[in-house]
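Undergrad: Before anything else, here's the structure in question.
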2 protein chains.
Amino acid sequence: MKDKIKIGLLGLGTVGAGVCKVLTENAHEISQKVGRAVEVKTVLVRDVNKKRNIVGDFVITDKIETILDDPEIDIVIELMGGIEPSRTYMLRALQSGKNVVTANKDVVAEHGKEMFEAAESADVDFMFEASVGGGIPIITPLKQCLTANKITEVIGIVNGTTNYMLTKMTKEGMDYNTVLAEAQAKGYAESDPTADVGGLDAARKAAILSSIAFNTRVTLDKVYVEGITKITPQDVEYATELGYVIKLLAIAKDSPENGVDVRVHPAFVPKAHPLAAVNDVFNAIFVKGNAIGEAMFYGRGAGALPTASAVVADVVDVSRDIVNQTFGRIRCTCFEDKKFCPVENTVSSYYVRLLVEDQPGVLGSIACAFGDQGVSLNSVIQTRRVANQAEIVVITHCVTEANLRKATHVLNELPVVTEIRNVIRVEKSQEVN
Amino acid sequence: MKDKIKIGLLGLGTVGAGVCKVLTENAHEISQKVGRAVEVKTVLVRDVNKKRNIVGDFVITDKIETILDDPEIDIVIELMGGIEPSRTYMLRALQSGKNVVTANKDVVAEHGKEMFEAAESADVDFMFEASVGGGIPIITPLKQCLTANKITEVIGIVNGTTNYMLTKMTKEGMDYNTVLAEAQAKGYAESDPTADVGGLDAARKAAILSSIAFNTRVTLDKVYVEGITKITPQDVEYATELGYVIKLLAIAKDSPENGVDVRVHPAFVPKAHPLAAVNDVFNAIFVKGNAIGEAMFYGRGAGALPTASAVVADVVDVSRDIVNQTFGRIRCTCFEDKKFCPVENTVSSYYVRLLVEDQPGVLGSIACAFGDQGVSLNSVIQTRRVANQAEIVVITHCVTEANLRKATHVLNELPVVTEIRNVIRVEKSQEVN
């Protein structure tokens with residue numbers, strides 16, 4: 001067996017420790033598959049004096065140069081998270097001719113182009129399977145296994161925190177604040193949960209997935225984002241009654257007529273859809289292509305070992321390239337310049353829940369207000385008395401966001417309408433099995 | 001752009017036509033990803049005079065030499081099916097220095113070693129993503145994306161025909177013969193359905209999956225096989241009442257204590273398990289590994305275009321190797337020589353349905369007969385009167401197959417037992433989300 005393949009690891013938090021564990025425990029299998037041993041040589045940490053309980057025979061340093069200037073190091077794994085200094089360190093690693101593997105969705109979503117270009121200039125690989133869906137293989141399946149398809153749709157549950165919260169709200173009728181507190185207590189939500197519950201985390205993953213799926217660069221500003229903070233137990237209850245579950249979806253669609261449409265928002269998902277059964281912290285990504293039809297990839301979207309599984313898979317892939325003296329087999333695939341669909345032009349069915357005066361004729365005036373703005377109703381499902389007022393829930397047919405907004409604006413002005421309590425999209429386009 | 005990559009296609013049935021369609025319709029995207037155009041040059045058919053309605057600018061021949069002797073052809077796609085002459089043609093193609101892509105599960109399961117060795121000797125690639133799970137990416141995910149894991153379990157619904165039949169039996173209460181006739185009428189089952197309903201098709205796929213998952217060669221004779229022909233509407237009904245669905249599963253487990261255990265048989269699957277929701281002709285493969293935890297891959301397990309999606313993905317992968325002047329990056333991974341678990345030693349929970357005399361003490365003597373053979377009962381769920389007899393259903397705790405067989409042998413001899421109507425395994429090992 002030839003020389004070992006040596007790794008410089010940036011960051012030794014839970015995922016970093018997971019990577020060390022996986023590389024150590026599965027060292028025999030990995031070396032058999034690569035044709036050489038693969039091991040961590042040097043780890044960059046903030047505080048070299050901190051006590052750590054991590055297995056591995058490596059050097060600990062707080063100087064990035066120890067890794068970047070070491071000609072023995074073939075691969076740099078970045079697991080520090082956040083934009084800086086991760087971005088700079090990765091760029092410098094690529095420029096030093098080192099292959100880079102990262103789990104950093106922020107950098108990939110916002111500076112992916114820069115990374116790919118640096119990798120290509122330096123004849124090395126840049127890989128990021130762990131940036132979306134944790135352990136779930138999705139980047140390689142999209143880039144490689146489904147590469148023969150024109151992909152028209154990617155719908156994912158890509159944020160474990162919010163999926164855990166929505167599952168609890170559905171199964172146990174908990175309200176948003178209670179479930180958030182519980183998720184924080186369990187370590188499933190951070191003390192500042194904004195990026196998760198506000199949808200930004202999912203939006204970054206949506207940008208990455210859609211860029212690959214549609215062969216065009218989707219930057220974060222092209223992703224429409226709504227979080228789950230406005231979902232109430234009443235919405236969850238109506239969804240259940242109507243045969244749906246509420247999920248925070250990352251939705252990406254591409255069609256020649258409308259262009260590329262990428263959104264993150266809560267949505268009603270029919271119970272028979274494969275995504276409806278994805279509960280707790282699990283993630284899943286549902287893909288439609290013109291050859292494969294539908295496919296779904298399901299698994300643990302976070303956690304030290306699942307994420308390490310994806311990171312080490314990339315390390316093995318890069319190592320195979322090193323052994324075979326090749327690189328950049330699978331490059332950036334954003335070779336198309338596609339038009340985007342403004343959110344006003346997107347088409348969806350909507351659930352609208354209104355609080356209205358409980359008086360004769362109110363239903364008629366509401367239906368007319370929708371109709372006047374081109375919003376036809378599929379059904380007016382429920383009316384319930386709440387004090388001396390009534391709650392009305394309508395599900396619309398597929399309409400443009402612009403028309404729906406006009407309709408809710410008009411409804412807000414109607415004297416009989418006390419309040420529009422929520423508007424949630426209904427995801428209908430998928431076939432179900 | 002450099003020279004085109006040229007393909008020789010063996011077989012122009014539905015999948016062959018699908019491959020031509022996918023390569024033509026998605027030619028732009030494929031050429032962008034590969035860096036060269038990829039096209040079919042020559043197609044081998046049985047009857048060159050048969051009228052065909054297939055798009056593509058290629059030569060049709062009935063002589064294999066036209067393809068094998070053509071130095072312009074880089075890749076041979078084999079879609080004839082069956083062992084011979086497919087096996088010989090593929091071997092000759094490999095020996096001629098051509099890369100081979102196939103959807104042929106029979107040859108991969110029974111002659112995989114020979115193929116890999118021929119590919120390695122000739123410095124070319126041998127790929128077979130489409131041999132299992134149709135369009136679902138599973139071979140590449142196992143070989144590449146989950147490669148950092150010690151995989152302990154693979155459970156798949158890998159035969160669309162039987163899954164369609166069992167779904168119909170569950171949802172519509174149809175009996176086996178009626179649903180088989182319907183499946184044949186719809187083209188989901190062949191006129192001779194033996195390989196599907198008897199489990200052989202699934203067994204071949206189980207052999208392929210487990211060989212890759214466990215890094216050891218699992219030949220077909222190591223796979224224990226039972227089909228679905230004995231499943232009755234009564235079994236389906238009991239399963240539903242007890243919170244299960246019946247699925248034909250390909251189960252592969254590996255543990256240091258028991259060794260490798262590969263089986264195909266019907267099984268009770270808990271309704272909360274992700275596999276329980278995989279209906280109709282859909283397939284899914286559930287994988288457990290020591291890093292990723294659980295993952296599942298879901299999609300269309302058959303059909304011209306889904307299968308073409310997998311075939312063309314392999315073609316693109318091989319083409320990238322050609323462009324990068326590499327090959328054999330991912331070789332045969334059967335580098336371990338593991339022990340196998342004889343079926344008598346496998347451990348499972350069992351559903352046993354018995355017809356017994358409806359008389360006092362019968363339950364006691366049955367429970368004793370089980371207990372005497374080391375089979376403890378989880379529950380005696382149902383007793384129903386059928387004429388002057390009663391039907392008893394028991395679910396056992398996890399016991400060895402050997403003990404269960406001893407128990408059913410003893411039960412068969414008991415005067416109060418008229419008949420053991422069915423014995424079906426209960427798949428319990430998985431965590432559910």
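Convention: chains lettered A, B, ... in structure tokens order; per-chain residue numbering from 1; ligands numbered from 1 as shown.
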Can you list, as number ranges by chain, every protein, DNA or RNA residue that comes within 7 Å of Glu401 (chain B) when you count only C-alpha atoms, leaving out same-chain residues fewer than 6 positions away?
TA: B: 343-347
Undergrad: Find the spatial neighbours of Asp106 (chain B), counting only C-alpha atoms, within a cut-off of 8 Å - ignore same-chain residues fewer than 4 positions away - and output them as a PyMOL selection string.
TA: chain B and resi 81-83+110-111+204
Undergrad: Considering only C-alpha atoms, return as a VMD selection string whatever protein or nucleic-acid residues lie within 8 Å of Ile77 (chain A), sequence-local ones (same chain, fewer than 5 positions apart) excluded.
TA: chain A and resid 7 to 10 100 to 102 311
Undergrad: Could you list the residues in chain B lying within 6 Å of chain A, using only C-alpha atoms, and format the result as a list in words?
TA: Gly135, Pro137, Cys145, Thr147, Ala148, Ala291, Ile292, Glu294, Ala295, Met296, Phe297, Tyr298, Gly299, Leu305, Pro306, Ser309, Val312 and Ala313 of chain B
Undergrad: Which distance in Å separates CA of Ile228 (chain A) and CA of Thr161 (chain A), to one decimal?
TA: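 CA of Ile228 (chain A) sits 10.9 Å away from CA of Thr161 (chain A).
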